[in-house]
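Shown next: target_22.pdb, containing PDB, C-alpha atoms.
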MODEL        1
ATOM      1  CA  MET C  12      51.894 -30.494 -62.738
ATOM      2  CA  CYS C  13      52.263 -34.245 -62.104
ATOM      3  CA  ALA C  14      49.792 -34.982 -64.879
ATOM      4  CA  ALA C  15      51.686 -32.700 -67.257
ATOM      5  CA  LEU C  16      54.955 -34.455 -66.473
ATOM      6  CA  LEU C  17      53.411 -37.889 -67.000
ATOM      7  CA  LEU C  18      51.896 -36.760 -70.292
ATOM      8  CA  LEU C  19      55.241 -35.400 -71.474
ATOM      9  CA  LEU C  20      56.995 -38.639 -70.556
ATOM     10  CA  GLY C  21      54.352 -40.757 -72.234
ATOM     11  CA  LEU C  22      54.420 -38.714 -75.414
ATOM     12  CA  THR C  23      58.197 -38.728 -75.575
ATOM     13  CA  LEU C  24      58.669 -42.430 -74.981
ATOM     14  CA  GLY C  25      55.657 -43.396 -77.093
ATOM     15  CA  ARG C  26      56.992 -41.471 -80.073
ATOM     16  CA  GLU C  27      60.404 -43.028 -79.677
ATOM     17  CA  LYS C  28      58.917 -46.495 -79.608
ATOM     18  CA  ARG C  29      56.303 -46.406 -82.359
ATOM     19  CA  ASP C  30      56.898 -43.692 -84.906
ATOM     20  CA  HIS C  31      60.549 -42.899 -84.931
ATOM     21  CA  TYR C  32      62.674 -44.855 -87.392
ATOM     22  CA  PRO C  33      66.234 -43.768 -86.588
ATOM     23  CA  LEU C  34      67.675 -44.562 -90.023
ATOM     24  CA  LEU C  35      65.340 -42.239 -91.927
ATOM     25  CA  HIS C  36      67.343 -39.841 -94.167
ATOM     26  CA  THR C  37      70.561 -41.787 -93.665
ATOM     27  CA  ARG C  38      72.597 -43.697 -96.272
ATOM     28  CA  LEU C  39      71.938 -47.391 -96.792
ATOM     29  CA  PRO C  40      74.273 -49.614 -94.774
ATOM     30  CA  ALA C  41      77.296 -50.988 -96.622
ATOM     31  CA  ILE C  42      76.302 -54.627 -96.576
ATOM     32  CA  THR C  43      76.593 -57.128 -99.397
ATOM     33  CA  LEU C  44      74.309 -60.136 -99.654
ATOM     34  CA  SER C  45      74.651 -63.271-101.740
ATOM     35  CA  GLY C  46      72.032 -63.104-104.462
ATOM     36  CA  ILE C  47      69.587 -65.898-105.144
ATOM     37  CA  ASP C  48      70.997 -65.855-108.692
ATOM     38  CA  GLY C  49      74.534 -66.426-107.364
ATOM     39  CA  LYS C  50      75.590 -62.796-107.892
ATOM     40  CA  ASP C  51      76.260 -60.434-104.996
ATOM     41  CA  LEU C  52      73.742 -57.750-104.061
ATOM     42  CA  PRO C  53      75.543 -54.751-102.495
ATOM     43  CA  ILE C  54      72.713 -53.063-100.570
ATOM     44  CA  GLY C  55      74.785 -49.920 -99.969
ATOM     45  CA  GLU C  56      75.152 -49.365-103.725
ATOM     46  CA  ILE C  57      71.429 -49.324-104.490
ATOM     47  CA  ARG C  58      70.352 -45.992-105.941
ATOM     48  CA  GLY C  59      66.760 -44.909-106.280
ATOM     49  CA  PRO C  60      64.126 -44.208-106.979
ATOM     50  CA  ALA C  61      63.755 -47.773-105.762
ATOM     51  CA  VAL C  62      62.178 -49.934-103.090
ATOM     52  CA  ILE C  63      63.820 -52.472-100.809
ATOM     53  CA  ASN C  64      61.520 -55.130 -99.407
ATOM     54  CA  LEU C  65      62.335 -57.566 -96.616
ATOM     55  CA  PHE C  66      60.286 -60.713 -97.063
ATOM     56  CA  ALA C  67      60.139 -64.489 -96.843
ATOM     57  CA  HIS C  68      58.175 -67.102 -98.746
ATOM     58  CA  TRP C  69      56.829 -68.555 -95.473
ATOM     59  CA  CYS C  70      55.500 -65.166 -94.292
ATOM     60  CA  ALA C  71      51.731 -64.861 -94.874
ATOM     61  CA  PRO C  72      51.587 -61.018 -94.817
ATOM     62  CA  CYS C  73      54.321 -61.014 -97.479
ATOM     63  CA  LEU C  74      51.945 -62.752 -99.866
ATOM     64  CA  ILE C  75      49.240 -60.199 -99.015
ATOM     65  CA  GLU C  76      51.506 -57.290-100.018
ATOM     66  CA  HIS C  77      52.886 -59.113-103.081
ATOM     67  CA  PRO C  78      50.437 -57.446-105.560
ATOM     68  CA  ILE C  79      51.430 -54.019-104.154
ATOM     69  CA  LEU C  80      55.087 -54.696-104.915
ATOM     70  CA  GLN C  81      54.093 -55.882-108.401
ATOM     71  CA  GLN C  82      52.185 -52.619-108.838
ATOM     72  CA  ILE C  83      55.268 -50.603-107.832
ATOM     73  CA  GLN C  84      57.424 -52.628-110.197
ATOM     74  CA  SER C  85      54.927 -52.213-113.066
ATOM     75  CA  ASN C  86      55.130 -48.436-112.528
ATOM     76  CA  GLY C  87      58.775 -48.683-113.570
ATOM     77  CA  PHE C  88      60.432 -48.620-110.150
ATOM     78  CA  PRO C  89      62.852 -51.412-109.250
ATOM     79  CA  VAL C  90      62.089 -53.470-106.155
ATOM     80  CA  TYR C  91      65.035 -55.177-104.479
ATOM     81  CA  GLY C  92      64.207 -58.112-102.239
ATOM     82  CA  ILE C  93      65.988 -59.232 -99.098
ATOM     83  CA  ALA C  94      64.915 -62.798 -98.379
ATOM     84  CA  TRP C  95      64.971 -63.178 -94.604
ATOM     85  CA  LYS C  96      65.815 -66.646 -93.309
ATOM     86  CA  ASP C  97      64.514 -68.230 -96.449
ATOM     87  CA  ASP C  98      65.275 -71.460 -98.200
ATOM     88  CA  PRO C  99      66.375 -70.725-101.811
ATOM     89  CA  PRO C 100      64.688 -73.719-103.518
ATOM     90  CA  LYS C 101      61.385 -73.070-101.714
ATOM     91  CA  LEU C 102      61.709 -69.354-102.426
ATOM     92  CA  ARG C 103      62.270 -70.005-106.154
ATOM     93  CA  ALA C 104      59.173 -72.229-106.247
ATOM     94  CA  TRP C 105      57.136 -69.533-104.429
ATOM     95  CA  LEU C 106      58.282 -66.861-106.895
ATOM     96  CA  ALA C 107      57.507 -69.135-109.844
ATOM     97  CA  LYS C 108      53.984 -69.602-108.475
ATOM     98  CA  HIS C 109      53.186 -66.015-107.503
ATOM     99  CA  GLY C 110      55.433 -64.057-109.876
ATOM    100  CA  SER C 111      58.445 -61.981-108.897
ATOM    101  CA  PRO C 112      58.310 -58.199-108.541
ATOM    102  CA  TYR C 113      62.012 -58.201-107.656
ATOM    103  CA  ARG C 114      64.852 -56.947-109.835
ATOM    104  CA  LYS C 115      67.319 -58.737-107.567
ATOM    105  CA  ILE C 116      67.024 -60.790-104.408
ATOM    106  CA  GLY C 117      69.704 -61.015-101.726
ATOM    107  CA  LEU C 118      69.683 -63.784 -99.137
ATOM    108  CA  ASP C 119      69.846 -62.917 -95.442
ATOM    109  CA  PRO C 120      69.990 -66.317 -93.699
ATOM    110  CA  ALA C 121      71.389 -64.957 -90.415
ATOM    111  CA  GLY C 122      69.164 -61.870 -90.343
ATOM    112  CA  GLN C 123      72.174 -59.581 -90.088
ATOM    113  CA  ALA C 124      71.140 -57.365 -93.029
ATOM    114  CA  ALA C 125      67.734 -56.950 -91.402
ATOM    115  CA  LEU C 126      69.420 -55.806 -88.178
ATOM    116  CA  ALA C 127      71.676 -53.413 -90.110
ATOM    117  CA  LEU C 128      68.471 -51.851 -91.475
ATOM    118  CA  GLY C 129      66.912 -51.640 -88.006
ATOM    119  CA  SER C 130      64.208 -54.121 -88.924
ATOM    120  CA  SER C 131      61.936 -55.910 -86.488
ATOM    121  CA  GLY C 132      60.728 -58.606 -88.888
ATOM    122  CA  VAL C 133      59.037 -59.430 -92.173
ATOM    123  CA  PRO C 134      57.556 -57.805 -94.133
ATOM    124  CA  GLU C 135      59.238 -54.421 -94.089
ATOM    125  CA  SER C 136      59.829 -51.894 -96.882
ATOM    126  CA  TRP C 137      62.025 -48.898 -97.585
ATOM    127  CA  VAL C 138      61.970 -46.250-100.332
ATOM    128  CA  ILE C 139      65.427 -45.230-101.505
ATOM    129  CA  SER C 140      66.360 -41.859-102.988
ATOM    130  CA  ARG C 141      68.635 -41.187-105.964
ATOM    131  CA  GLU C 142      71.477 -40.584-103.515
ATOM    132  CA  GLY C 143      70.962 -43.933-101.790
ATOM    133  CA  THR C 144      69.336 -42.592 -98.634
ATOM    134  CA  ILE C 145      66.280 -44.042 -96.913
ATOM    135  CA  ILE C 146      63.370 -41.655 -97.420
ATOM    136  CA  TYR C 147      60.503 -43.891 -96.293
ATOM    137  CA  HIS C 148      60.115 -46.895 -94.059
ATOM    138  CA  TYR C 149      57.157 -49.112 -93.308
ATOM    139  CA  ALA C 150      57.012 -52.166 -91.060
ATOM    140  CA  GLY C 151      54.179 -54.536 -91.913
ATOM    141  CA  ALA C 152      52.223 -55.586 -94.990
ATOM    142  CA  LEU C 153      51.819 -52.755 -97.499
ATOM    143  CA  SER C 154      48.276 -51.548 -98.124
ATOM    144  CA  PRO C 155      47.021 -49.681-101.232
ATOM    145  CA  GLU C 156      47.248 -46.439 -99.185
ATOM    146  CA  ARG C 157      50.897 -47.133 -98.374
ATOM    147  CA  ALA C 158      51.528 -47.938-102.028
ATOM    148  CA  GLU C 159      50.153 -44.510-102.981
ATOM    149  CA  GLU C 160      52.489 -42.824-100.481
ATOM    150  CA  MET C 161      55.447 -44.788-101.788
ATOM    151  CA  LEU C 162      54.627 -44.196-105.463
ATOM    152  CA  SER C 163      54.249 -40.490-104.798
ATOM    153  CA  LEU C 164      57.723 -40.381-103.233
ATOM    154  CA  LEU C 165      59.219 -42.512-105.997
ATOM    155  CA  LYS C 166      57.741 -40.250-108.701
ATOM    156  CA  ASP C 167      59.046 -37.138-106.951
ATOM    157  CA  GLU C 168      62.589 -38.485-107.018
TER     158      GLU C 168
ATOM    159  CA  MET F  29      75.601 -98.927-100.449
ATOM    160  CA  ARG F  30      72.078 -97.526-100.411
ATOM    161  CA  SER F  31      72.196 -96.796 -96.655
ATOM    162  CA  PHE F  32      75.527 -95.001 -97.168
ATOM    163  CA  ALA F  33      73.950 -92.855 -99.869
ATOM    164  CA  VAL F  34      71.061 -91.992 -97.513
ATOM    165  CA  PHE F  35      73.591 -91.147 -94.754
ATOM    166  CA  LEU F  36      75.521 -88.926 -97.177
ATOM    167  CA  LEU F  37      72.310 -87.178 -98.230
ATOM    168  CA  LEU F  38      71.320 -86.582 -94.591
ATOM    169  CA  CYS F  39      74.791 -85.134 -93.883
ATOM    170  CA  MET F  40      74.454 -82.809 -96.881
ATOM    171  CA  MET F  41      70.964 -81.749 -95.754
ATOM    172  CA  GLY F  42      72.316 -81.049 -92.294
ATOM    173  CA  TRP F  43      75.085 -78.905 -93.756
ATOM    174  CA  ALA F  44      72.655 -77.070 -95.996
ATOM    175  CA  SER F  45      70.271 -76.289 -93.150
ATOM    176  CA  SER F  46      73.051 -75.199 -90.809
ATOM    177  CA  ASN F  47      74.313 -72.982 -93.613
ATOM    178  CA  ALA F  48      70.865 -71.542 -94.228
ATOM    179  CA  MET F  49      70.055 -70.806 -90.570
ATOM    180  CA  PRO F  50      73.197 -69.997 -88.582
ATOM    181  CA  HIS F  51      72.824 -70.286 -84.809
ATOM    182  CA  ASP F  52      74.111 -68.004 -82.114
ATOM    183  CA  GLU F  53      76.656 -70.061 -80.268
ATOM    184  CA  PRO F  54      78.621 -69.009 -77.162
ATOM    185  CA  LEU F  55      82.057 -67.519 -77.711
ATOM    186  CA  ARG F  56      84.905 -69.887 -76.888
ATOM    187  CA  ASN F  57      86.752 -67.221 -74.895
ATOM    188  CA  ALA F  58      85.044 -67.157 -71.466
ATOM    189  CA  VAL F  59      85.914 -63.498 -70.808
ATOM    190  CA  LEU F  60      84.453 -62.394 -74.139
ATOM    191  CA  GLU F  61      81.362 -64.550 -73.597
ATOM    192  CA  GLU F  62      80.876 -62.934 -70.194
ATOM    193  CA  ARG F  63      80.960 -59.523 -71.900
ATOM    194  CA  ALA F  64      78.410 -60.742 -74.437
ATOM    195  CA  LEU F  65      76.077 -62.083 -71.709
ATOM    196  CA  ALA F  66      76.285 -58.783 -69.826
ATOM    197  CA  LEU F  67      75.411 -56.863 -73.004
ATOM    198  CA  PHE F  68      72.471 -59.193 -73.774
ATOM    199  CA  LYS F  69      70.873 -58.068 -70.508
ATOM    200  CA  GLU F  70      71.036 -54.414 -71.575
ATOM    201  CA  PHE F  71      68.989 -54.779 -74.751
ATOM    202  CA  ARG F  72      65.253 -55.122 -75.129
ATOM    203  CA  CYS F  73      63.765 -57.738 -77.434
ATOM    204  CA  VAL F  74      61.970 -55.498 -79.946
ATOM    205  CA  VAL F  75      59.325 -58.091 -80.821
ATOM    206  CA  CYS F  76      58.497 -59.434 -77.371
ATOM    207  CA  GLU F  77      58.607 -56.301 -75.149
ATOM    208  CA  GLY F  78      59.517 -56.494 -71.485
ATOM    209  CA  GLN F  79      62.151 -59.169 -72.106
ATOM    210  CA  THR F  80      65.836 -58.753 -72.688
ATOM    211  CA  ILE F  81      67.456 -60.453 -75.640
ATOM    212  CA  ALA F  82      69.158 -62.682 -73.046
ATOM    213  CA  ASP F  83      65.776 -64.082 -71.964
ATOM    214  CA  SER F  84      63.924 -64.135 -75.262
ATOM    215  CA  ASP F  85      63.482 -67.119 -77.581
ATOM    216  CA  ALA F  86      62.414 -64.856 -80.462
ATOM    217  CA  THR F  87      64.341 -65.249 -83.714
ATOM    218  CA  LEU F  88      65.202 -61.571 -83.778
ATOM    219  CA  ALA F  89      66.632 -61.754 -80.250
ATOM    220  CA  GLY F  90      68.787 -64.688 -81.372
ATOM    221  CA  ASP F  91      69.991 -62.636 -84.353
ATOM    222  CA  MET F  92      70.903 -59.761 -82.034
ATOM    223  CA  ARG F  93      72.831 -62.105 -79.754
ATOM    224  CA  MET F  94      74.713 -63.370 -82.800
ATOM    225  CA  LEU F  95      75.415 -59.815 -83.946
ATOM    226  CA  ILE F  96      76.795 -58.855 -80.521
ATOM    227  CA  ARG F  97      79.007 -61.941 -80.376
ATOM    228  CA  ASN F  98      80.260 -61.268 -83.919
ATOM    229  CA  GLN F  99      81.066 -57.663 -83.048
ATOM    230  CA  ILE F 100      82.889 -58.686 -79.859
ATOM    231  CA  ARG F 101      84.804 -61.284 -81.895
ATOM    232  CA  ALA F 102      85.692 -58.525 -84.376
ATOM    233  CA  GLY F 103      87.193 -56.449 -81.541
ATOM    234  CA  GLU F 104      84.409 -53.878 -81.113
ATOM    235  CA  THR F 105      84.036 -52.182 -77.719
ATOM    236  CA  ASP F 106      80.837 -52.421 -75.645
ATOM    237  CA  SER F 107      80.205 -48.757 -76.313
ATOM    238  CA  ALA F 108      80.533 -49.248 -80.110
ATOM    239  CA  ILE F 109      78.063 -52.155 -79.948
ATOM    240  CA  ARG F 110      75.586 -50.046 -77.950
ATOM    241  CA  ASP F 111      75.951 -47.246 -80.511
ATOM    242  CA  TYR F 112      75.385 -49.672 -83.422
ATOM    243  CA  LEU F 113      72.065 -50.853 -81.985
ATOM    244  CA  ARG F 114      71.013 -47.419 -80.755
ATOM    245  CA  THR F 115      71.612 -45.958 -84.242
ATOM    246  CA  ARG F 116      69.275 -48.564 -85.738
ATOM    247  CA  TYR F 117      66.605 -49.001 -83.074
ATOM    248  CA  GLY F 118      66.738 -45.803 -81.021
ATOM    249  CA  THR F 119      67.040 -45.555 -77.249
ATOM    250  CA  HIS F 120      63.993 -47.831 -76.898
ATOM    251  CA  ILE F 121      66.364 -50.762 -77.491
ATOM    252  CA  PHE F 122      67.832 -50.240 -74.021
ATOM    253  CA  MET F 123      66.086 -51.868 -71.047
ATOM    254  CA  SER F 124      67.219 -48.882 -68.935
ATOM    255  CA  PRO F 125      66.871 -45.650 -70.874
ATOM    256  CA  PRO F 126      70.238 -43.879 -71.108
ATOM    257  CA  ARG F 127      70.569 -40.872 -68.760
ATOM    258  CA  GLU F 128      70.607 -38.194 -71.403
ATOM    259  CA  GLY F 129      68.275 -35.567 -72.890
ATOM    260  CA  ILE F 130      64.590 -36.001 -72.087
ATOM    261  CA  THR F 131      65.184 -39.462 -70.532
ATOM    262  CA  TRP F 132      66.734 -37.698 -67.515
ATOM    263  CA  LEU F 133      63.111 -37.013 -66.610
ATOM    264  CA  LEU F 134      62.556 -40.742 -66.104
ATOM    265  CA  TRP F 135      65.309 -40.872 -63.531
ATOM    266  CA  VAL F 136      64.389 -37.711 -61.643
ATOM    267  CA  ALA F 137      60.593 -38.057 -61.943
ATOM    268  CA  PRO F 138      60.151 -40.390 -58.914
ATOM    269  CA  LEU F 139      62.137 -38.000 -56.682
ATOM    270  CA  LEU F 140      60.219 -35.074 -58.097
ATOM    271  CA  PHE F 141      56.891 -36.771 -57.379
ATOM    272  CA  ILE F 142      57.942 -37.589 -53.792
ATOM    273  CA  LEU F 143      59.031 -33.972 -53.293
ATOM    274  CA  LEU F 144      55.729 -32.674 -54.704
ATOM    275  CA  GLY F 145      53.832 -35.095 -52.462
ATOM    276  CA  LEU F 146      55.720 -33.925 -49.375
ATOM    277  CA  LEU F 147      55.132 -30.281 -50.272
ATOM    278  CA  GLY F 148      51.431 -30.993 -50.811
ATOM    279  CA  ALA F 149      51.172 -32.834 -47.480
ATOM    280  CA  LYS F 150      52.997 -30.023 -45.689
ATOM    281  CA  SER F 151      50.696 -27.426 -47.206
ATOM    282  CA  LEU F 152      47.580 -29.439 -46.171
ATOM    283  CA  LEU F 153      48.903 -29.874 -42.624
ATOM    284  CA  THR F 154      49.705 -26.167 -42.326
ATOM    285  CA  LYS F 155      46.217 -25.262 -43.568
ATOM    286  CA  GLY F 156      44.686 -27.791 -41.155
ATOM    287  CA  ASN F 157      46.636 -26.359 -38.214
ATOM    288  CA  GLY F 158      45.706 -22.807 -39.173
ATOM    289  CA  ALA F 159      42.029 -23.725 -39.367
ATOM    290  CA  SER F 160      42.052 -25.490 -35.954
ATOM    291  CA  GLU F 161      43.904 -22.548 -34.335
ATOM    292  CA  GLY F 162      41.325 -20.153 -35.777
ATOM    293  CA  THR F 163      38.363 -21.992 -34.197
TER     294      THR F 163
ENDMDL
END

Could you write out this structure as structure tokens?
Amino acid sequence: MCAALLLLLGLTLGREKRDHYPLLHTRLPAITLSGIDGKDLPIGEIRGPAVINLFAHWCAPCLIEHPILQQIQSNGFPVYGIAWKDDPPKLRAWLAKHGSPYRKIGLDPAGQAALALGSSGVPESWVISREGTIIYHYAGALSPERAEEMLSLLKDE
Amino acid sequence: MRSFAVFLLLCMMGWASSNAMPHDEPLRNAVLEERALALFKEFRCVVCEGQTIADSDATLAGDMRMLIRNQIRAGETDSAIRDYLRTRYGTHIFMSPPREGITWLLWVAPLLFILLGLLGAKSLLTKGNGASEGT
């Protein structure tokens, strides 16, 4: 009985910690970021099928997933970037060098947009439905397998 | 003239960097800051585990401290701030799991285990006594 209780506790808390993203199937938070182009990016007004990607030019895994985002963009789905604690001139130079998959980029110097999205760091990605709800979330660098999952959801929208 | 220009440039760079990376600074109102410090001890640093955001040097912990101070400054209650973070990070964000739903088990489990242990010990002793009386 003790073992069963411990197992139940472990399963419950483990699921809470690792797999459960509380904002899944909820509307995007009503936050507006200053865009790298000088225009505002209202995150809460983004409508899918689209992807939001939290990244930074200084983040090595972000460069690893960069081709995946370009693949999503080349499939006709807009990718919106949230540049986390980034320096605009260095970010522009990085995008000029590696190409930009982003339709728009909002700046998040204080990391408050990331917190509003329940993020724990860069890189992190979300798939957004036509209604503006979060239908997929992934923390970490996107792999080709993740890209397939995301593209499948985006095409179903 | 040239040194003044360098000074001016350094000032501008300082402004730009402070603009780019805001810091979490203590609230000027001591009572509000005390509330903020108490709240910091309730929340787990999600990237460093085992540490509260009060103790952590992680960037994300600093951002959370700033968020809490901003919300206190904006007039939010402690309960509203807890709800904001719980909505985004789940109950795992709390250092002490809230006493609700399945997490009640965490609070009653130690007592339950002690009770089971006592019952087990009693049953063994009774069996032992029975066996010695039988011989």

Worksheet item: Using the chain letters and numbers from the file, which residues does the PyMOL selection byres ((chain F and resi 115-123) around 7) grab, as a list in words?
Response: Glu27, Lys28, Pro33, Leu34, Ala127, Leu128 and Gly129 of chain C; Glu70, Phe71, Arg72, Val74, Asp111, Tyr112, Leu113, Arg114, Ser124 and Pro125 of chain F

Discussion item. Here is a test: counting all atoms listed in the file, which residue of C:Leu118, C:Leu126, C:Val138, C:Val62 is nearest to Ala89 of chain F?
Written reply: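 Comparing C:Leu118, C:Leu126, C:Val138, C:Val62 against Ala89 of chain F, the winner is C:Leu126.
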
Item to complete: Please evaluate the PyMOL selection byres ((chain C and resi 91) around 9) against the structure above and give the resulting residues as a list in words.
Response: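 This file, filtered by the PyMOL selection byres ((chain C and resi 91) around 9), leaves Ile54, Ile57, Ala61, Val62, Ile63, Asn64, Leu65, Pro89, Val90, Gly92, Ile93, Pro112, Tyr113, Arg114, Lys115, Ile116 and Gly117 of chain C.
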
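Proximity ranking of F:Met94, F:Ala102, F:Leu67, F:Val75 relative to Glu53 of chain F places F:Met94 first, based on all atoms listed in the file.
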
Practice prompt. Report as a list in words the full result of the PyMOL selection byres ((chain C and resi 157) around 12) when it is applied to this structure.
Written response: Glu76, Ile79, Leu80, Gln82, Ile83, Glu135, Ser136, Trp137, Val138, Tyr147, His148, Tyr149, Ala150, Gly151, Ala152, Leu153, Ser154, Pro155, Glu156, Ala158, Glu159, Glu160, Met161, Leu162, Ser163 and Leu164 of chain C

Worksheet entry | Who sits within 9 Å of Pro99 of chain C, all atoms listed in the file, same chain under 5 positions skipped, as a ChimeraX atom specification | /C:47,94,104,118 /F:48

Worksheet item: So which residues touch Ala64 of chain F within 8 Å, counting only C-alpha atoms, skipping near sequence neighbours fewer than 5 positions away, as number ranges by chain?
Response: F: 93, 96-97, 100

How big is the axis-aligned box around all listed atoms of segment 77-94 of chain C once 8 Å goes on each side, and where's its centre, in Å to one decimal, as lines of an AutoDock Vina configuration file?
center_x = 58.2
center_y = -55.6
center_z = -106.0
size_x = 31.6
size_y = 30.4
size_z = 31.2
